[in-house]
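Student: For reference, this is structure-v8.cif, and it has mmCIF, C-alpha atoms.
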data_run
#
loop_
_atom_site.label_atom_id
_atom_site.label_comp_id
_atom_site.auth_asym_id
_atom_site.auth_seq_id
_atom_site.Cartn_x
_atom_site.Cartn_y
_atom_site.Cartn_z
CA MET A 15 -30.74 12.38 19.81
CA ALA A 16 -31.56 14.72 16.92
CA ALA A 17 -30.83 18.44 17.30
CA GLU A 18 -33.57 21.06 16.87
CA GLY A 19 -34.02 21.92 13.20
CA ALA A 20 -32.65 18.58 11.86
CA GLY A 21 -34.21 15.13 11.60
CA PRO A 22 -32.92 12.19 13.67
CA GLN A 23 -30.68 9.56 12.15
CA PRO A 24 -32.13 6.27 10.90
CA GLU A 25 -30.47 4.25 13.65
CA LEU A 26 -32.50 6.01 16.34
CA GLY A 27 -34.31 3.59 18.59
CA PRO A 28 -37.92 3.70 19.70
CA GLY A 29 -37.10 6.29 22.39
CA PRO A 30 -37.36 6.00 26.15
CA GLY A 31 -40.67 7.83 26.25
CA ALA A 32 -42.48 5.33 24.04
CA GLU A 33 -45.57 3.72 25.44
CA PRO A 34 -46.13 -0.04 24.80
CA GLY A 35 -49.48 0.54 23.12
CA ALA A 36 -48.56 3.65 21.16
CA MET A 37 -47.42 2.39 17.74
CA CYS A 38 -46.90 4.15 14.45
CA PRO A 39 -49.67 3.03 12.06
CA GLU A 40 -47.27 3.34 9.11
CA HIS A 41 -44.16 1.60 10.45
CA SER A 42 -45.54 -0.35 13.44
CA GLN A 43 -42.82 1.14 15.63
CA ALA A 44 -43.16 2.78 19.03
CA LEU A 45 -43.99 6.50 18.98
CA GLY A 46 -40.95 7.54 21.02
CA TRP A 47 -40.34 10.86 19.29
CA PHE A 48 -42.27 14.12 18.82
CA CYS A 49 -42.29 16.18 15.61
CA SER A 50 -42.59 19.83 16.60
CA SER A 51 -43.21 20.88 13.00
CA GLU A 52 -46.32 18.68 12.73
CA ARG A 53 -47.06 18.77 16.47
CA ARG A 54 -47.59 14.99 16.80
CA PRO A 55 -45.77 11.91 18.10
CA VAL A 56 -43.81 9.90 15.51
CA CYS A 57 -41.59 6.82 15.39
CA ALA A 58 -37.88 6.65 14.54
CA ALA A 59 -38.65 5.57 10.98
CA CYS A 60 -40.87 8.61 10.40
CA ALA A 61 -38.05 10.86 11.58
CA GLY A 62 -35.30 9.01 9.70
CA PRO A 63 -33.73 10.02 6.38
CA GLY A 64 -36.46 8.32 4.41
CA GLY A 65 -39.33 9.32 6.67
CA HIS A 66 -41.86 12.07 6.01
CA CYS A 67 -40.53 14.03 9.02
CA ARG A 68 -37.04 14.27 7.58
CA GLY A 69 -35.68 17.79 8.21
CA HIS A 70 -38.35 18.59 10.77
CA ARG A 71 -37.72 19.64 14.34
CA VAL A 72 -37.84 16.32 16.22
CA ARG A 73 -37.10 15.56 19.86
CA ARG A 74 -37.63 12.75 22.33
CA ALA A 75 -41.23 12.40 23.43
CA ASP A 76 -40.37 12.20 27.15
CA GLU A 77 -38.37 15.45 26.95
CA HIS A 78 -41.25 17.20 25.24
CA ALA A 79 -43.67 15.87 27.83
CA GLU A 80 -41.41 17.08 30.66
CA GLU A 81 -41.31 20.54 29.11
CA LEU A 82 -45.09 20.58 28.91
CA ARG A 83 -45.32 19.56 32.57
CA ASN A 84 -43.04 22.44 33.57
CA LYS A 85 -45.14 24.86 31.56
CA ILE A 86 -48.31 23.61 33.24
CA VAL A 87 -46.74 24.02 36.68
CA ASP A 88 -45.66 27.59 35.83
CA GLN A 89 -49.10 28.38 34.47
CA CYS A 90 -50.78 27.03 37.59
CA GLU A 91 -48.57 29.21 39.77
CA ARG A 92 -49.40 32.28 37.68
CA LEU A 93 -53.10 31.49 37.87
CA GLN A 94 -52.87 31.10 41.62
CA LEU A 95 -51.18 34.51 41.96
CA GLN A 96 -53.72 36.11 39.63
CA SER A 97 -56.58 34.57 41.59
CA ALA A 98 -55.11 35.87 44.84
CA GLY A 99 -54.81 39.37 43.38
CA ILE A 100 -58.40 39.36 42.16
CA ALA A 101 -59.67 37.99 45.46
CA LYS A 102 -57.82 40.74 47.33
CA TYR A 103 -59.22 43.37 44.96
CA VAL A 104 -62.78 42.14 45.52
CA ALA A 105 -62.37 41.80 49.29
CA GLU A 106 -60.48 45.03 49.95
CA VAL A 107 -60.72 47.56 47.11
CA LEU A 108 -64.34 47.00 46.10
CA LEU A 109 -65.42 46.79 49.73
CA GLY A 110 -63.61 50.07 50.43
CA LYS A 111 -65.19 51.66 47.36
CA ASN A 112 -68.61 50.61 48.56
CA GLN A 113 -68.07 51.98 52.05
CA ARG A 114 -66.65 55.24 50.67
CA THR A 115 -69.63 55.61 48.34
CA VAL A 116 -72.04 55.23 51.25
CA SER A 117 -70.04 57.72 53.35
CA MET A 118 -69.69 60.30 50.59
CA ALA A 119 -73.35 59.98 49.62
CA SER A 120 -74.31 60.64 53.23
CA ALA A 121 -72.03 63.69 53.37
CA ALA A 122 -73.42 64.96 50.08
CA ARG A 123 -77.00 64.69 51.34
CA GLU A 124 -76.09 66.57 54.50
CA LEU A 125 -74.36 69.31 52.52
CA VAL A 126 -77.35 69.78 50.22
CA ILE A 127 -79.86 69.85 53.08
CA GLN A 128 -77.80 72.29 55.19
CA ARG A 129 -77.38 74.81 52.39
CA LEU A 130 -80.92 74.60 51.13
CA SER A 131 -82.24 75.19 54.66
CA VAL A 132 -80.85 78.76 54.43
CA VAL A 133 -82.95 79.58 51.38
CA ARG A 134 -85.51 76.78 51.47
CA SER A 135 -88.45 79.01 50.49
CA LEU A 136 -86.71 79.83 47.18
CA CYS A 137 -85.41 76.45 46.15
CA GLU A 138 -87.60 73.52 47.23
CA SER A 139 -87.50 72.21 43.69
CA GLU A 140 -83.69 72.54 43.62
CA GLU A 141 -83.43 70.49 46.79
CA GLN A 142 -85.49 67.71 45.27
CA ARG A 143 -83.47 67.77 42.04
CA LEU A 144 -80.13 67.60 43.82
CA LEU A 145 -81.20 64.85 46.19
CA GLU A 146 -82.37 62.82 43.23
CA GLN A 147 -78.97 63.35 41.58
CA VAL A 148 -77.17 62.21 44.74
CA HIS A 149 -79.41 59.15 44.93
CA GLY A 150 -78.89 58.46 41.25
CA GLU A 151 -75.13 58.79 41.60
CA GLU A 152 -75.15 56.51 44.63
CA GLU A 153 -77.21 53.94 42.72
CA ARG A 154 -74.88 54.24 39.72
CA ALA A 155 -71.79 53.72 41.87
CA HIS A 156 -73.43 50.80 43.66
CA GLN A 157 -74.41 49.24 40.33
CA SER A 158 -70.86 49.68 38.97
CA ILE A 159 -69.44 48.02 42.06
CA LEU A 160 -72.01 45.21 41.85
CA THR A 161 -71.17 44.68 38.18
CA GLN A 162 -67.49 44.49 39.06
CA ARG A 163 -68.22 41.99 41.81
CA VAL A 164 -70.13 39.76 39.38
CA HIS A 165 -67.45 40.11 36.69
CA TRP A 166 -64.56 39.22 38.96
CA ALA A 167 -66.51 36.41 40.63
CA GLU A 168 -66.98 34.90 37.17
CA ALA A 169 -63.29 35.50 36.39
CA LEU A 170 -62.27 33.75 39.60
CA GLN A 171 -64.55 30.83 38.83
CA LYS A 172 -63.17 30.57 35.30
CA LEU A 173 -59.55 30.70 36.54
CA ASN A 174 -60.28 28.03 39.12
CA THR A 175 -61.92 25.85 36.46
CA ILE A 176 -58.95 26.27 34.12
CA ARG A 177 -56.48 25.52 36.86
CA THR A 178 -58.43 22.45 37.96
CA SER A 179 -58.51 21.24 34.36
CA LEU A 180 -54.77 21.73 33.93
CA VAL A 181 -54.00 20.01 37.23
CA ASP A 182 -56.23 17.12 36.18
CA MET A 183 -54.31 16.81 32.89
CA LEU A 184 -51.04 16.94 34.75
CA THR A 185 -52.18 14.21 37.13
CA HIS A 186 -53.99 11.75 34.89
CA LEU A 187 -52.53 11.97 31.36
CA ASP A 188 -49.57 9.87 30.27
CA ASP A 189 -46.91 11.28 27.97
CA TYR A 190 -48.64 10.24 24.79
CA GLN A 191 -52.02 11.62 25.88
CA LEU A 192 -50.39 14.80 27.19
CA ILE A 193 -48.54 15.70 24.01
CA LYS A 194 -51.66 15.08 21.94
CA GLU A 195 -53.87 17.19 24.21
CA GLN A 196 -54.66 20.46 22.38
CA GLU A 197 -56.87 21.69 25.25
CA ILE A 198 -53.72 22.67 27.16
CA PHE A 199 -53.05 25.48 24.74
CA GLU A 200 -56.71 26.47 24.55
CA ARG A 201 -56.93 26.68 28.34
CA THR A 202 -53.73 28.70 28.56
CA GLU A 203 -54.94 31.20 25.95
CA GLU A 204 -58.30 31.44 27.74
CA ALA A 205 -56.58 32.21 31.05
CA GLU A 206 -54.33 34.83 29.46
CA GLY A 207 -57.45 36.60 28.20
CA ILE A 208 -58.56 37.37 31.76
CA LEU A 209 -57.02 40.75 32.60
CA ASP A 210 -56.10 41.97 36.08
CA PRO A 211 -58.35 44.52 37.87
CA GLN A 212 -57.78 48.18 36.94
CA GLU A 213 -58.79 51.39 38.73
CA SER A 214 -61.89 52.98 37.23
CA GLU A 215 -63.63 56.28 37.94
CA LYS A 216 -66.93 54.47 37.44
CA LEU A 217 -66.40 52.87 40.85
CA ASN A 218 -66.07 56.23 42.63
CA PHE A 219 -68.84 58.47 43.91
CA ASN A 220 -68.89 61.69 41.82
CA GLU A 221 -69.02 64.64 44.21
CA LYS A 222 -69.92 66.97 41.35
CA CYS A 223 -73.49 65.69 41.53
CA THR A 224 -74.10 68.21 44.35
CA TRP A 225 -72.60 71.21 42.55
CA SER A 226 -75.33 73.64 41.59
CA PRO A 227 -74.81 77.22 40.35
CA LEU A 228 -78.20 78.22 41.76
CA LEU A 229 -77.54 76.70 45.16
CA THR A 230 -74.03 78.16 45.36
CA GLN A 231 -75.27 81.61 44.40
CA LEU A 232 -78.09 81.63 46.93
CA TRP A 233 -75.94 80.14 49.66
CA ALA A 234 -73.13 82.68 49.17
CA THR A 235 -75.64 85.54 49.14
CA ALA A 236 -77.24 84.31 52.36
CA VAL A 237 -73.91 83.91 54.19
CA LEU A 238 -71.98 86.93 52.91
CA GLY A 239 -74.59 89.26 51.44
CA THR A 240 -75.68 90.58 54.82
CA LEU A 241 -72.45 89.89 56.78
CA SER A 242 -74.57 87.82 59.15
CA ALA A 243 -73.94 84.44 60.75
CA GLY A 244 -70.82 82.65 59.55
CA THR A 245 -68.57 85.70 59.18
CA GLU A 246 -65.35 85.91 61.15
CA ASP A 247 -63.62 88.70 63.07
CA VAL A 248 -60.47 88.45 60.95
CA ARG A 249 -57.45 90.60 61.87
CA ILE A 250 -53.87 90.65 60.62
CA ASP A 251 -51.07 89.02 62.60
CA GLU A 252 -48.57 91.88 62.85
CA ARG A 253 -45.67 89.42 63.23
CA THR A 254 -46.23 88.25 59.62
CA VAL A 255 -46.57 91.65 57.91
CA SER A 256 -44.02 92.29 55.13
CA PRO A 257 -41.68 95.29 55.63
CA PHE A 258 -43.24 96.68 52.42
CA LEU A 259 -46.62 96.91 54.16
CA GLN A 260 -48.00 99.14 56.89
CA LEU A 261 -50.62 97.76 59.29
CA SER A 262 -53.34 99.94 60.79
CA ASP A 263 -53.91 100.17 64.55
CA ASP A 264 -57.04 98.00 64.36
CA ARG A 265 -55.04 95.40 62.37
CA ARG A 266 -57.55 95.34 59.51
CA THR A 267 -55.97 97.60 56.87
CA LEU A 268 -52.78 96.96 54.88
CA THR A 269 -51.08 99.81 53.00
CA PHE A 270 -48.31 99.24 50.46
CA ASN A 271 -45.00 101.11 50.76
CA ALA A 272 -42.51 101.01 47.90
CA LYS A 273 -39.65 101.37 50.39
CA LYS A 274 -38.97 98.75 53.01
CA THR A 275 -39.75 99.83 56.58
CA LYS A 276 -36.51 99.77 58.58
CA ALA A 277 -38.29 99.84 61.93
CA CYS A 278 -39.90 96.45 61.19
CA ALA A 279 -38.24 93.82 63.36
CA ASP A 280 -37.51 90.55 61.58
CA GLY A 281 -38.76 87.22 62.93
CA PRO A 282 -39.48 83.67 61.72
CA GLU A 283 -43.15 84.50 61.05
CA ARG A 284 -42.50 87.60 58.91
CA PHE A 285 -42.51 87.68 55.10
CA ASP A 286 -39.24 89.44 54.31
CA HIS A 287 -39.69 90.10 50.57
CA TRP A 288 -43.15 89.65 49.04
CA PRO A 289 -45.84 92.10 50.32
CA ASN A 290 -47.79 89.39 52.17
CA ALA A 291 -49.50 89.05 55.53
CA LEU A 292 -51.39 86.29 57.34
CA ALA A 293 -54.39 86.62 59.62
CA SER A 294 -54.01 85.84 63.31
CA ILE A 295 -56.91 83.36 63.13
CA SER A 296 -56.77 79.91 61.53
CA PHE A 297 -59.41 77.32 60.66
CA GLN A 298 -59.42 73.53 61.07
CA THR A 299 -63.05 72.63 60.36
CA GLY A 300 -66.42 74.17 59.59
CA LEU A 301 -67.74 77.11 57.56
CA HIS A 302 -65.98 80.51 57.66
CA ALA A 303 -66.54 83.79 55.81
CA TRP A 304 -64.97 87.23 55.67
CA MET A 305 -65.12 90.32 53.47
CA VAL A 306 -62.29 92.47 52.13
CA ASN A 307 -62.59 96.03 50.77
CA VAL A 308 -60.44 96.09 47.61
CA GLN A 309 -61.84 99.10 45.72
CA ASN A 310 -58.74 101.27 46.30
CA SER A 311 -56.18 98.81 44.96
CA CYS A 312 -55.29 97.65 41.46
CA ALA A 313 -52.82 95.01 42.66
CA TYR A 314 -53.80 92.62 45.44
CA LYS A 315 -54.28 88.97 46.41
CA VAL A 316 -56.84 87.54 48.83
CA GLY A 317 -57.34 83.93 49.83
CA VAL A 318 -56.08 81.25 52.19
CA ALA A 319 -52.73 79.64 52.95
CA SER A 320 -51.50 76.77 55.07
CA SER A 321 -49.03 77.15 57.91
CA GLN A 322 -46.38 75.53 55.67
CA LEU A 323 -46.19 78.63 53.45
CA PRO A 324 -42.52 79.75 53.41
CA ARG A 325 -41.85 83.30 54.61
CA LYS A 326 -38.25 84.05 53.64
CA GLY A 327 -36.68 84.98 50.31
CA SER A 328 -37.71 86.28 46.91
CA GLY A 329 -38.43 82.89 45.32
CA SER A 330 -41.81 81.75 44.06
CA ASP A 331 -42.14 79.38 47.02
CA CYS A 332 -43.03 82.47 49.11
CA ARG A 333 -45.16 84.13 46.43
CA LEU A 334 -48.90 83.70 46.92
CA GLY A 335 -50.45 81.44 44.31
CA TYR A 336 -47.09 80.15 43.07
CA ASN A 337 -46.71 77.28 45.55
CA PRO A 338 -48.81 74.34 46.81
CA PHE A 339 -49.53 76.15 50.11
CA SER A 340 -51.70 79.06 48.95
CA TRP A 341 -55.00 79.56 47.06
CA VAL A 342 -55.71 83.19 46.08
CA PHE A 343 -57.92 85.46 44.01
CA SER A 344 -55.69 88.14 42.50
CA ARG A 345 -55.95 91.36 40.57
CA TYR A 346 -53.23 93.13 38.57
CA ASP A 347 -54.49 96.20 36.78
CA GLN A 348 -57.59 94.90 34.91
CA GLU A 349 -56.56 91.27 34.91
CA PHE A 350 -58.14 88.88 37.41
CA CYS A 351 -57.28 85.25 38.08
CA PHE A 352 -57.34 82.42 40.59
CA SER A 353 -53.89 81.05 41.39
CA HIS A 354 -52.55 77.95 43.10
CA ASN A 355 -49.21 76.14 42.79
CA GLY A 356 -48.14 78.21 39.79
CA GLN A 357 -51.35 77.50 37.87
CA HIS A 358 -53.34 80.63 37.01
CA GLN A 359 -56.99 80.53 35.91
CA PRO A 360 -57.91 83.81 34.15
CA LEU A 361 -61.30 85.25 35.16
CA GLY A 362 -63.05 87.43 32.60
CA LEU A 363 -64.75 89.88 34.95
CA LEU A 364 -66.82 92.68 33.42
CA ARG A 365 -66.29 94.94 36.42
CA SER A 366 -63.83 95.28 39.26
CA PRO A 367 -65.38 94.25 42.58
CA ALA A 368 -65.33 96.91 45.30
CA GLN A 369 -65.56 94.23 47.96
CA LEU A 370 -64.48 90.63 47.83
CA GLY A 371 -66.24 87.99 49.93
CA VAL A 372 -64.38 84.80 50.85
CA LEU A 373 -66.19 81.63 51.94
CA LEU A 374 -64.27 78.61 53.21
CA ASP A 375 -66.25 75.42 53.80
CA LEU A 376 -63.77 72.82 55.02
CA GLU A 377 -66.40 70.09 55.38
CA ALA A 378 -67.40 70.50 51.73
CA ARG A 379 -63.74 71.13 50.71
CA GLU A 380 -64.72 74.36 48.99
CA LEU A 381 -63.22 77.84 48.71
CA LEU A 382 -65.46 80.48 47.11
CA PHE A 383 -64.87 84.12 46.08
CA TYR A 384 -67.93 86.32 45.81
CA ASP A 385 -68.86 89.86 44.72
CA PRO A 386 -71.61 90.96 47.15
CA ALA A 387 -72.54 94.05 45.09
CA SER A 388 -73.60 91.98 42.07
CA GLY A 389 -74.37 88.74 43.87
CA THR A 390 -71.88 86.99 41.59
CA VAL A 391 -69.76 83.97 42.44
CA LEU A 392 -66.39 84.89 40.93
CA TYR A 393 -64.64 81.55 41.38
CA THR A 394 -65.05 78.28 43.27
CA CYS A 395 -62.21 75.93 44.15
CA HIS A 396 -62.88 72.33 45.26
CA THR A 397 -59.97 70.45 46.82
CA ALA A 398 -58.84 68.62 49.95
CA PHE A 399 -57.28 71.53 51.84
CA PRO A 400 -54.58 70.94 54.45
CA THR A 401 -55.24 72.41 57.88
CA PRO A 402 -54.89 74.70 59.62
CA LEU A 403 -55.69 77.35 57.00
CA PHE A 404 -55.11 81.09 57.49
CA PRO A 405 -56.71 83.98 55.62
CA VAL A 406 -53.88 85.51 53.59
CA PHE A 407 -53.45 88.91 51.94
CA ALA A 408 -51.05 90.71 49.61
CA VAL A 409 -51.17 94.26 48.26
CA ALA A 410 -48.81 96.08 45.91
CA ASP A 411 -50.92 99.21 45.25
CA LYS A 412 -52.52 101.49 47.85
CA THR A 413 -54.64 99.70 50.45
CA ILE A 414 -57.01 96.84 51.17
CA SER A 415 -59.10 96.46 54.35
CA ILE A 416 -60.92 93.65 56.12
CA VAL A 417 -64.56 94.61 56.51
CA HIS A 418 -65.89 94.37 60.08
#
Starting from the coordinates I provided, produce the structure as structure tokens.

Tutor:
Amino acid sequence: MAAEGAGPQPELGPGPGAEPGAMCPEHSQALGWFCSSERRPVCAACAGPGGHCRGHRVRRADEHAEELRNKIVDQCERLQLQSAGIAKYVAEVLLGKNQRTVSMASAARELVIQRLSVVRSLCESEEQRLLEQVHGEEERAHQSILTQRVHWAEALQKLNTIRTSLVDMLTHLDDYQLIKEQEIFERTEEAEGILDPQESEKLNFNEKCTWSPLLTQLWATAVLGTLSAGTEDVRIDERTVSPFLQLSDDRRTLTFNAKKTKACADGPERFDHWPNALASISFQTGLHAWMVNVQNSCAYKVGVASSQLPRKGSGSDCRLGYNPFSWVFSRYDQEFCFSHNGQHQPLGLLRSPAQLGVLLDLEARELLFYDPASGTVLYTCHTAFPTPLFPVFAVADKTISIVH
């Protein structure tokens, strides 16, 4: 048998893969060999020293056919796996996306209606606008999912057609017909052009469609501006108070001391280095609001923290806003920022707030800081908060007090 890259010798016979009716039109010999350079079956004379395939890559036709069969089998297996992956994506992922879109759209409608009910006389037009946006976003997400369903249904059909075609070739074509069949390569290239499903934001419901500066402003004013319904009786848990802080008898005022208090008994709940303190109340669900008097301090932090917040040591893992367990509004001199997990968002405030309102809406996954004097929303954080969450405080200059 001839090696790859060199022509066969003249004494080569017709080849075991030759078919009785497949004869070379030039030499009237059986086409028992395959010229890879010209991609066609040839006879021994064509591949011999005097033949036009001399020096070409020539091999036995039956070996080439067997290799093609193996490739078809491998391709069919790959197509079957790809089809299974797409079917699973359509049945599980797209179905889940659709259900989540319906659920999130329902929650978004409820959120909009609840907030607008507080100030309905001032924002009927805003309600209509936001509901239309929610509906439009729901329709957009539904349409994206529907488009994906159609696309992948067509892809599945095409893959099945290609696989059926290849299986049919494998079953019905003899060696000579198989090695002449160019459709094998066309079908393989066509199948390779069908990509696997990829995650896309277009398939997700966009919660930002309910975010409205007007609605947020009016809602915060209604909840915190008059210290009416929704505010909490927040007090400090004395077991958590740093030895650098002094707690008032009513457990609402924290005063900073540069020297550590020796009389402060240590315990697992107490912050032993940073001037922090947690409230005694925690929240799992619902809407909660409280107000803090900060006009006397030039260095403080106010916000929320999870129960996982470390208490011991001088590392950043215990420092509010420097770990994944705390979300705080902070002031240092005339610099203001929102901090979480070591990321600090500077806030260009024109004036220092005398009081700081905090709104926590766990259903809407929203934490809001508000200046009641100016009616200004200072910062809004949207995230999936862990629970329970505690109001948290830090002060490194004079005092801050929870407003009752």

Student: Counting all atoms listed in the file, what is within 12 Å of His156 (chain A), bar same-chain residues fewer than 5 positions away, as a list of chain:residue names?

Tutor: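 My list of contacting residues is A:Leu108, A:Leu109, A:Gly110, A:Lys111, A:Asn112, A:Gln113, A:Arg114, A:Thr115, A:Val116, A:Ala119, A:His149, A:Gly150, A:Glu151, A:Thr161, A:Gln162, A:Arg163, A:Lys216, A:Leu217, A:Asn218, A:Phe219, A:Asn220.
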
Student: Around the point (-56.0, 95.1, 37.5) (coordinates from the file), which residues reach within 10 Å if we count only C-alpha atoms? Answer as a PDB file with C-alpha atoms, in the coordinates of the input.

Tutor:
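Now in point-v4.pdb:
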ATOM      1  CA  SER A 311     -56.180  98.810  44.960  1.00  0.00           C
ATOM      2  CA  CYS A 312     -55.290  97.650  41.460  1.00  0.00           C
ATOM      3  CA  ALA A 313     -52.820  95.010  42.660  1.00  0.00           C
ATOM      4  CA  TYR A 314     -53.800  92.620  45.440  1.00  0.00           C
ATOM      5  CA  SER A 344     -55.690  88.140  42.500  1.00  0.00           C
ATOM      6  CA  ARG A 345     -55.950  91.360  40.570  1.00  0.00           C
ATOM      7  CA  TYR A 346     -53.230  93.130  38.570  1.00  0.00           C
ATOM      8  CA  ASP A 347     -54.490  96.200  36.780  1.00  0.00           C
ATOM      9  CA  GLN A 348     -57.590  94.900  34.910  1.00  0.00           C
ATOM     10  CA  GLU A 349     -56.560  91.270  34.910  1.00  0.00           C
ATOM     11  CA  PHE A 350     -58.140  88.880  37.410  1.00  0.00           C
ATOM     12  CA  CYS A 351     -57.280  85.250  38.080  1.00  0.00           C
ATOM     13  CA  SER A 366     -63.830  95.280  39.260  1.00  0.00           C
TER      14      SER A 366
END

Student: Name all residues at most 8 Å from Val409 (chain A) (count all atoms listed in the file; drop same-chain ones fewer than 4 positions away) and give them as a VMD selection string.

Tutor: chain A and resid 259 268 to 270 289 to 290 311 313 to 315 413 to 414

Student: What's around Ser340 (chain A) at 7 Å? Count only C-alpha atoms, leave out sequence neighbours fewer than 5 positions away in its own chain, and write the answer as a PDB file with C-alpha atoms, in the coordinates of the input.

Tutor:
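selection-v3.pdb, written as the output of this step:
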ATOM      1  CA  VAL A 318     -56.080  81.250  52.190  1.00  0.00           C
ATOM      2  CA  ALA A 319     -52.730  79.640  52.950  1.00  0.00           C
ATOM      3  CA  SER A 320     -51.500  76.770  55.070  1.00  0.00           C
ATOM      4  CA  LEU A 334     -48.900  83.700  46.920  1.00  0.00           C
ATOM      5  CA  GLY A 335     -50.450  81.440  44.310  1.00  0.00           C
ATOM      6  CA  HIS A 354     -52.550  77.950  43.100  1.00  0.00           C
TER       7      HIS A 354
END

Student: Would you please work out which residue, of A:Cys67, A:Val107, A:Leu93, A:Met118, is nearest to Thr175 (chain A) when using all atoms listed in the file?

Tutor: A:Leu93

Student: Quick one: residues within 9 Å of Arg333 (chain A), all atoms listed in the file counted, chain neighbours fewer than 2 positions away excluded, as number ranges by chain?

Tutor: A: 288-290, 323-325, 328-331, 335-337, 340

Student: Using all atoms listed in the file, what does the table of region 176-195 of chain A residues within 8 Å of region 48-58 of chain A look like, with each row giving the shortest atom pair and its distance in Å to one decimal, sorted by chain and ascending number, as CSV?

Tutor:
residue,atom,partner,partner_atom,distance
A:Tyr190,CA,A:Pro55,CA,7.5
A:Ile193,CA,A:Arg54,CA,7.3
A:Lys194,CA,A:Arg54,CA,6.6

Student: Could you pull the residues within 8 Å of Lys326 (chain A), counting only C-alpha atoms, minus those fewer than 6 positions along the same chain, as number ranges by chain?

Tutor: A: 284-287, 332

Student: Go through the shown structure with the PyMOL selection byres ((chain A and resi 41) around 12) and write out the matching residues as a ChimeraX atom specification.

Tutor: /A:28,36-40,42-45,56-62,64-66

Student: Restricted to C-alpha atoms, what would the selected residues look like written as an mmCIF file, in the frame of the given file?

Tutor:
data_model
loop_
_atom_site.group_PDB
_atom_site.id
_atom_site.type_symbol
_atom_site.label_atom_id
_atom_site.label_comp_id
_atom_site.auth_asym_id
_atom_site.auth_seq_id
_atom_site.Cartn_x
_atom_site.Cartn_y
_atom_site.Cartn_z
ATOM 1 C CA PRO A 28 -37.920 3.700 19.700
ATOM 2 C CA ALA A 36 -48.560 3.650 21.160
ATOM 3 C CA MET A 37 -47.420 2.390 17.740
ATOM 4 C CA CYS A 38 -46.900 4.150 14.450
ATOM 5 C CA PRO A 39 -49.670 3.030 12.060
ATOM 6 C CA GLU A 40 -47.270 3.340 9.110
ATOM 7 C CA SER A 42 -45.540 -0.350 13.440
ATOM 8 C CA GLN A 43 -42.820 1.140 15.630
ATOM 9 C CA ALA A 44 -43.160 2.780 19.030
ATOM 10 C CA LEU A 45 -43.990 6.500 18.980
ATOM 11 C CA VAL A 56 -43.810 9.900 15.510
ATOM 12 C CA CYS A 57 -41.590 6.820 15.390
ATOM 13 C CA ALA A 58 -37.880 6.650 14.540
ATOM 14 C CA ALA A 59 -38.650 5.570 10.980
ATOM 15 C CA CYS A 60 -40.870 8.610 10.400
ATOM 16 C CA ALA A 61 -38.050 10.860 11.580
ATOM 17 C CA GLY A 62 -35.300 9.010 9.700
ATOM 18 C CA GLY A 64 -36.460 8.320 4.410
ATOM 19 C CA GLY A 65 -39.330 9.320 6.670
ATOM 20 C CA HIS A 66 -41.860 12.070 6.010
#

Student: Could you check how far CA of Val308 (chain A) sits from CA of Pro282 (chain A), in Å to one decimal?

Tutor: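 Separating CA of Val308 (chain A) from CA of Pro282 (chain A) is a distance of 28.2 Å.
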
Student: When distances are computed from all atoms listed in the file, which of A:Asp251, A:Val126, A:Val104, A:Gln322 shows the smallest separation from Leu160 (chain A)?

Tutor: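 Among the listed residues, the smallest separation from Leu160 (chain A) belongs to A:Val104.
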
Student: Hey, can you check how far CA of Gln128 (chain A) sits from CA of Glu377 (chain A)?

Tutor: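 Answer for the CA of Gln128 (chain A) to CA of Glu377 (chain A) separation: 11.6 Å.
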
Student: Please report the interatomic distance between CA of Leu292 (chain A) and CA of Val255 (chain A) in Å with one decimal.

Tutor: 7.2 Å

Student: Could you expand the PyMOL selection byres ((chain A and resi 208) around 10) into the explicit residues it covers here, written as a ChimeraX atom specification?

Tutor: /A:96,166,169-170,172-173,203-207,209-211
